[in-house]
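To start, the structure itself, in structure tokens.
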Amino acid sequence: KGDNKTVIKILEKMVRHYPKATYFKQLSGMYGAAERDKDQLHMLDGVRLMGALNKEKEILNLAYLYLGEDYPYKAAVVVEKGLKDKTIEDTSKNLELLATAWRMSSEVKKSIPVMEKAAAKSDKGDLYARLAGTYLDNDDYKKALSTATKAHKRGGIKRVDQLYVVQGMASANLKRYGECVKMFKKALKDKRSRKFSQQWIQYCEGEIKRTKQLAQ
């Protein structure tokens, strides 16, 4: 009859008096339909504690709920376990989820090798572009540049201007100012990166001029 409120009330009694994993799963689904995400998470987490979370869709659903409620570490642990016991397929999308969860947990060292695997499996360059940004954030400028090159070769990048920015900043930190100017001139073609790029071009051109003066 579409009376979801009554269904939820009945299921709440069932999980209290007859705590079977099946009822927890059903109640979790009903909470999801009612947009009660936190309650949905609690029920599905209960299924996990029972050891009855054994389908890829359920595990991934729990991971996304963890992320939604700002528990990225738990999301990472659940997905990693699923990948190890082969309950979850090691697709590019699933590996990207794990890498994202580790990164959101400030576990960048764990995130990077997983993202490398995800990027290698993807048919587009977006994941390599994101990985290049991660290397830049971790001051690994040479790796940022080599990964950015892979991203361009793979193609299909949504925000190519942002990738040029990463390349420009990495080049600047390696004191390759000519390359830096070249990258930021490409980036400024997109108005979203124009102001930022102009500032970096001005800085790099100033460094080129200063280096020439010192050489004289």
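How things are named: the first chain in the structure tokens is A, the next is B, and so on; residues count from 1 in each chain; ligands count from 1 in the order shown.
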
Would you list the contacts of Cys180 in chain A as a list in words, taking every protein, DNA or RNA residue within 8 Å and counting only C-alpha atoms, but skipping same-chain residues closer than 3 positions in sequence?
-> Gln167, Gly168, Met169, Ala170, Ser171, Ala172, Arg176, Tyr177, Met183, Phe184, Ile201 and Cys204 of chain A

Could you turn the residues from that selection into a file that holds N, CA and C atoms, as a PDB file, in the first residue's frame?
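As a result, selection_10.pdb now contains:
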ATOM      1  N   GLN A 167      50.938  21.075 -13.321  1.00  0.00           N
ATOM      2  CA  GLN A 167      52.209  20.995 -14.047  1.00  0.00           C
ATOM      3  C   GLN A 167      53.023  22.286 -13.886  1.00  0.00           C
ATOM      4  N   GLY A 168      52.315  23.401 -13.934  1.00  0.00           N
ATOM      5  CA  GLY A 168      52.986  24.697 -13.785  1.00  0.00           C
ATOM      6  C   GLY A 168      53.612  24.855 -12.410  1.00  0.00           C
ATOM      7  N   MET A 169      52.869  24.500 -11.376  1.00  0.00           N
ATOM      8  CA  MET A 169      53.363  24.630 -10.005  1.00  0.00           C
ATOM      9  C   MET A 169      54.511  23.662  -9.730  1.00  0.00           C
ATOM     10  N   ALA A 170      54.392  22.447 -10.255  1.00  0.00           N
ATOM     11  CA  ALA A 170      55.479  21.467 -10.090  1.00  0.00           C
ATOM     12  C   ALA A 170      56.747  21.957 -10.781  1.00  0.00           C
ATOM     13  N   SER A 171      56.583  22.515 -11.987  1.00  0.00           N
ATOM     14  CA  SER A 171      57.732  23.041 -12.735  1.00  0.00           C
ATOM     15  C   SER A 171      58.376  24.204 -11.995  1.00  0.00           C
ATOM     16  N   ALA A 172      57.551  25.069 -11.418  1.00  0.00           N
ATOM     17  CA  ALA A 172      58.071  26.220 -10.671  1.00  0.00           C
ATOM     18  C   ALA A 172      58.888  25.763  -9.466  1.00  0.00           C
ATOM     19  N   ARG A 176      62.032  25.179 -13.017  1.00  0.00           N
ATOM     20  CA  ARG A 176      61.932  25.119 -14.477  1.00  0.00           C
ATOM     21  C   ARG A 176      60.946  26.200 -14.911  1.00  0.00           C
ATOM     22  N   TYR A 177      61.374  27.439 -14.811  1.00  0.00           N
ATOM     23  CA  TYR A 177      60.456  28.570 -14.954  1.00  0.00           C
ATOM     24  C   TYR A 177      59.900  28.730 -16.367  1.00  0.00           C
ATOM     25  N   MET A 183      53.045  26.185 -19.193  1.00  0.00           N
ATOM     26  CA  MET A 183      51.883  25.465 -18.649  1.00  0.00           C
ATOM     27  C   MET A 183      50.779  26.430 -18.214  1.00  0.00           C
ATOM     28  N   PHE A 184      51.177  27.508 -17.546  1.00  0.00           N
ATOM     29  CA  PHE A 184      50.166  28.458 -17.068  1.00  0.00           C
ATOM     30  C   PHE A 184      49.532  29.257 -18.210  1.00  0.00           C
ATOM     31  N   ILE A 201      52.384  33.300 -13.882  1.00  0.00           N
ATOM     32  CA  ILE A 201      53.180  33.688 -15.050  1.00  0.00           C
ATOM     33  C   ILE A 201      54.050  34.892 -14.713  1.00  0.00           C
ATOM     34  N   CYS A 204      56.913  33.672 -12.453  1.00  0.00           N
ATOM     35  CA  CYS A 204      57.914  32.874 -13.159  1.00  0.00           C
ATOM     36  C   CYS A 204      58.732  33.719 -14.133  1.00  0.00           C
TER      37      CYS A 204
END

Test item: residues at most 9 Å from range 142-154 of chain A, only C-alpha atoms, excluding those fewer than 2 positions along its chain, as a list in words =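 Result of the neighbour search: Ala119, Ser122, Asp123, Lys124, Gly125, Asp126, Leu127, Tyr128, Ala129, Arg130, Leu131, Ala132, Gly133, Thr134, Tyr135, Leu136, Asp139, Asp140, Gly156, Ile157, Val160, Leu163, Tyr164, Val166, Gln167, Ala170, Ser171 and Leu174 of chain A.
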
Only N, CA and C atoms, please: the residues just picked out, written as an mmCIF file, in the first residue's frame.
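So the final result, stored in again.cif, reads:
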data_model
loop_
_atom_site.group_PDB
_atom_site.id
_atom_site.type_symbol
_atom_site.label_atom_id
_atom_site.label_comp_id
_atom_site.auth_asym_id
_atom_site.auth_seq_id
_atom_site.Cartn_x
_atom_site.Cartn_y
_atom_site.Cartn_z
ATOM 1 N N ALA A 119 43.920 4.368 -11.489
ATOM 2 C CA ALA A 119 44.205 5.150 -12.696
ATOM 3 C C ALA A 119 44.633 4.255 -13.847
ATOM 4 N N SER A 122 41.627 2.659 -15.421
ATOM 5 C CA SER A 122 40.641 3.555 -16.019
ATOM 6 C C SER A 122 40.960 3.820 -17.495
ATOM 7 N N ASP A 123 39.921 4.017 -18.293
ATOM 8 C CA ASP A 123 40.139 4.313 -19.713
ATOM 9 C C ASP A 123 40.208 5.815 -19.977
ATOM 10 N N LYS A 124 40.127 6.617 -18.905
ATOM 11 C CA LYS A 124 40.247 8.077 -19.022
ATOM 12 C C LYS A 124 41.375 8.582 -18.126
ATOM 13 N N GLY A 125 41.806 9.824 -18.384
ATOM 14 C CA GLY A 125 42.960 10.363 -17.668
ATOM 15 C C GLY A 125 42.654 11.108 -16.385
ATOM 16 N N ASP A 126 41.377 11.189 -16.014
ATOM 17 C CA ASP A 126 40.996 11.980 -14.837
ATOM 18 C C ASP A 126 41.682 11.509 -13.544
ATOM 19 N N LEU A 127 41.774 10.197 -13.351
ATOM 20 C CA LEU A 127 42.381 9.684 -12.119
ATOM 21 C C LEU A 127 43.873 9.977 -12.073
ATOM 22 N N TYR A 128 44.528 9.899 -13.236
ATOM 23 C CA TYR A 128 45.944 10.293 -13.286
ATOM 24 C C TYR A 128 46.099 11.777 -12.974
ATOM 25 N N ALA A 129 45.144 12.585 -13.436
ATOM 26 C CA ALA A 129 45.180 14.021 -13.167
ATOM 27 C C ALA A 129 45.057 14.288 -11.661
ATOM 28 N N ARG A 130 44.143 13.571 -11.014
ATOM 29 C CA ARG A 130 43.979 13.706 -9.564
ATOM 30 C C ARG A 130 45.220 13.227 -8.816
ATOM 31 N N LEU A 131 45.797 12.156 -9.310
ATOM 32 C CA LEU A 131 46.998 11.603 -8.692
ATOM 33 C C LEU A 131 48.169 12.577 -8.815
ATOM 34 N N ALA A 132 48.252 13.253 -9.952
ATOM 35 C CA ALA A 132 49.301 14.263 -10.145
ATOM 36 C C ALA A 132 49.171 15.366 -9.098
ATOM 37 N N GLY A 133 47.934 15.762 -8.812
ATOM 38 C CA GLY A 133 47.690 16.765 -7.782
ATOM 39 C C GLY A 133 48.096 16.285 -6.404
ATOM 40 N N THR A 134 47.884 15.004 -6.133
ATOM 41 C CA THR A 134 48.277 14.425 -4.842
ATOM 42 C C THR A 134 49.791 14.437 -4.693
ATOM 43 N N TYR A 135 50.502 14.083 -5.770
ATOM 44 C CA TYR A 135 51.968 14.121 -5.732
ATOM 45 C C TYR A 135 52.468 15.550 -5.498
ATOM 46 N N LEU A 136 51.811 16.512 -6.130
ATOM 47 C CA LEU A 136 52.180 17.915 -5.938
ATOM 48 C C LEU A 136 52.005 18.313 -4.479
ATOM 49 N N ASP A 139 54.797 17.260 -2.315
ATOM 50 C CA ASP A 139 56.114 17.784 -2.714
ATOM 51 C C ASP A 139 56.932 16.824 -3.575
ATOM 52 N N ASP A 140 56.270 15.890 -4.236
ATOM 53 C CA ASP A 140 56.953 14.982 -5.158
ATOM 54 C C ASP A 140 56.727 15.522 -6.571
ATOM 55 N N GLY A 156 40.490 12.482 -22.043
ATOM 56 C CA GLY A 156 39.199 12.471 -21.351
ATOM 57 C C GLY A 156 39.226 13.180 -20.002
ATOM 58 N N ILE A 157 40.013 14.249 -19.892
ATOM 59 C CA ILE A 157 40.147 14.977 -18.627
ATOM 60 C C ILE A 157 39.087 16.084 -18.561
ATOM 61 N N VAL A 160 41.064 20.121 -17.737
ATOM 62 C CA VAL A 160 42.454 20.083 -18.189
ATOM 63 C C VAL A 160 43.217 21.307 -17.702
ATOM 64 N N LEU A 163 44.919 20.553 -14.509
ATOM 65 C CA LEU A 163 46.102 19.722 -14.700
ATOM 66 C C LEU A 163 47.284 20.577 -15.148
ATOM 67 N N TYR A 164 47.034 21.561 -16.011
ATOM 68 C CA TYR A 164 48.102 22.481 -16.422
ATOM 69 C C TYR A 164 48.609 23.288 -15.221
ATOM 70 N N VAL A 166 48.682 22.217 -12.105
ATOM 71 C CA VAL A 166 49.535 21.276 -11.355
ATOM 72 C C VAL A 166 50.910 21.193 -12.001
ATOM 73 N N GLN A 167 50.938 21.075 -13.321
ATOM 74 C CA GLN A 167 52.209 20.995 -14.047
ATOM 75 C C GLN A 167 53.023 22.286 -13.886
ATOM 76 N N ALA A 170 54.392 22.447 -10.255
ATOM 77 C CA ALA A 170 55.479 21.467 -10.090
ATOM 78 C C ALA A 170 56.747 21.957 -10.781
ATOM 79 N N SER A 171 56.583 22.515 -11.987
ATOM 80 C CA SER A 171 57.732 23.041 -12.735
ATOM 81 C C SER A 171 58.376 24.204 -11.995
ATOM 82 N N LEU A 174 60.505 23.078 -9.208
ATOM 83 C CA LEU A 174 61.760 22.487 -9.702
ATOM 84 C C LEU A 174 62.634 23.546 -10.374
#

Non-local contacts of range 23-30 of chain A (9 Å; only C-alpha atoms; under 5 positions in same chain excluded) as number ranges by chain | A: 4-5, 7-8, 11-12, 14-15, 18, 35-37, 39-44, 46-47, 58

Nearest to Lys117 in chain A, chosen from A:Ser92, A:Thr22, A:Asn138, A:Gln216, with only C-alpha atoms counted in the distances |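 Among the listed residues, A:Ser92 lies closest to Lys117 in chain A.
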
Report the residues of range 1-75 of chain A whose backbone DSSP state falls under alpha helix (DSSP H), written as a PyMOL selection string.
-> chain A and resi 4-17+21-33+37-49+56-68+72-75

Straight-line distance linking CA of Ser193 in chain A with CA of Asp161 in chain A, stated in Å to one decimal |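 Straight-line distance from CA of Ser193 in chain A to CA of Asp161 in chain A works out to 6.7 Å.
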
Measure the distance from CA of Tyr73 in chain A to CA of Ser105 in chain A in Å and round it to one decimal.
->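 Answer for the CA of Tyr73 in chain A to CA of Ser105 in chain A separation: 5.3 Å.
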
Which residues, written as a PyMOL selection string, have at least one atom at most 9 Å from Thr91 in chain A, with only C-alpha atoms counted and residues fewer than 3 positions away on the same chain left out?
-> chain A and resi 88+94-96+118+121-122

Minimum-distance residue to Tyr66 in chain A, chosen among A:Thr87, A:Lys20, A:Leu97, A:Glu116 (using only C-alpha atoms) |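 The shortest atom-to-atom distance to Tyr66 in chain A comes from A:Leu97.
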
For CA of Glu107 in chain A and CA of Ile59 in chain A, quote the distance in Å rounded to one decimal.
->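 Computing the Euclidean distance for CA of Glu107 in chain A and CA of Ile59 in chain A yields 20.8 Å.
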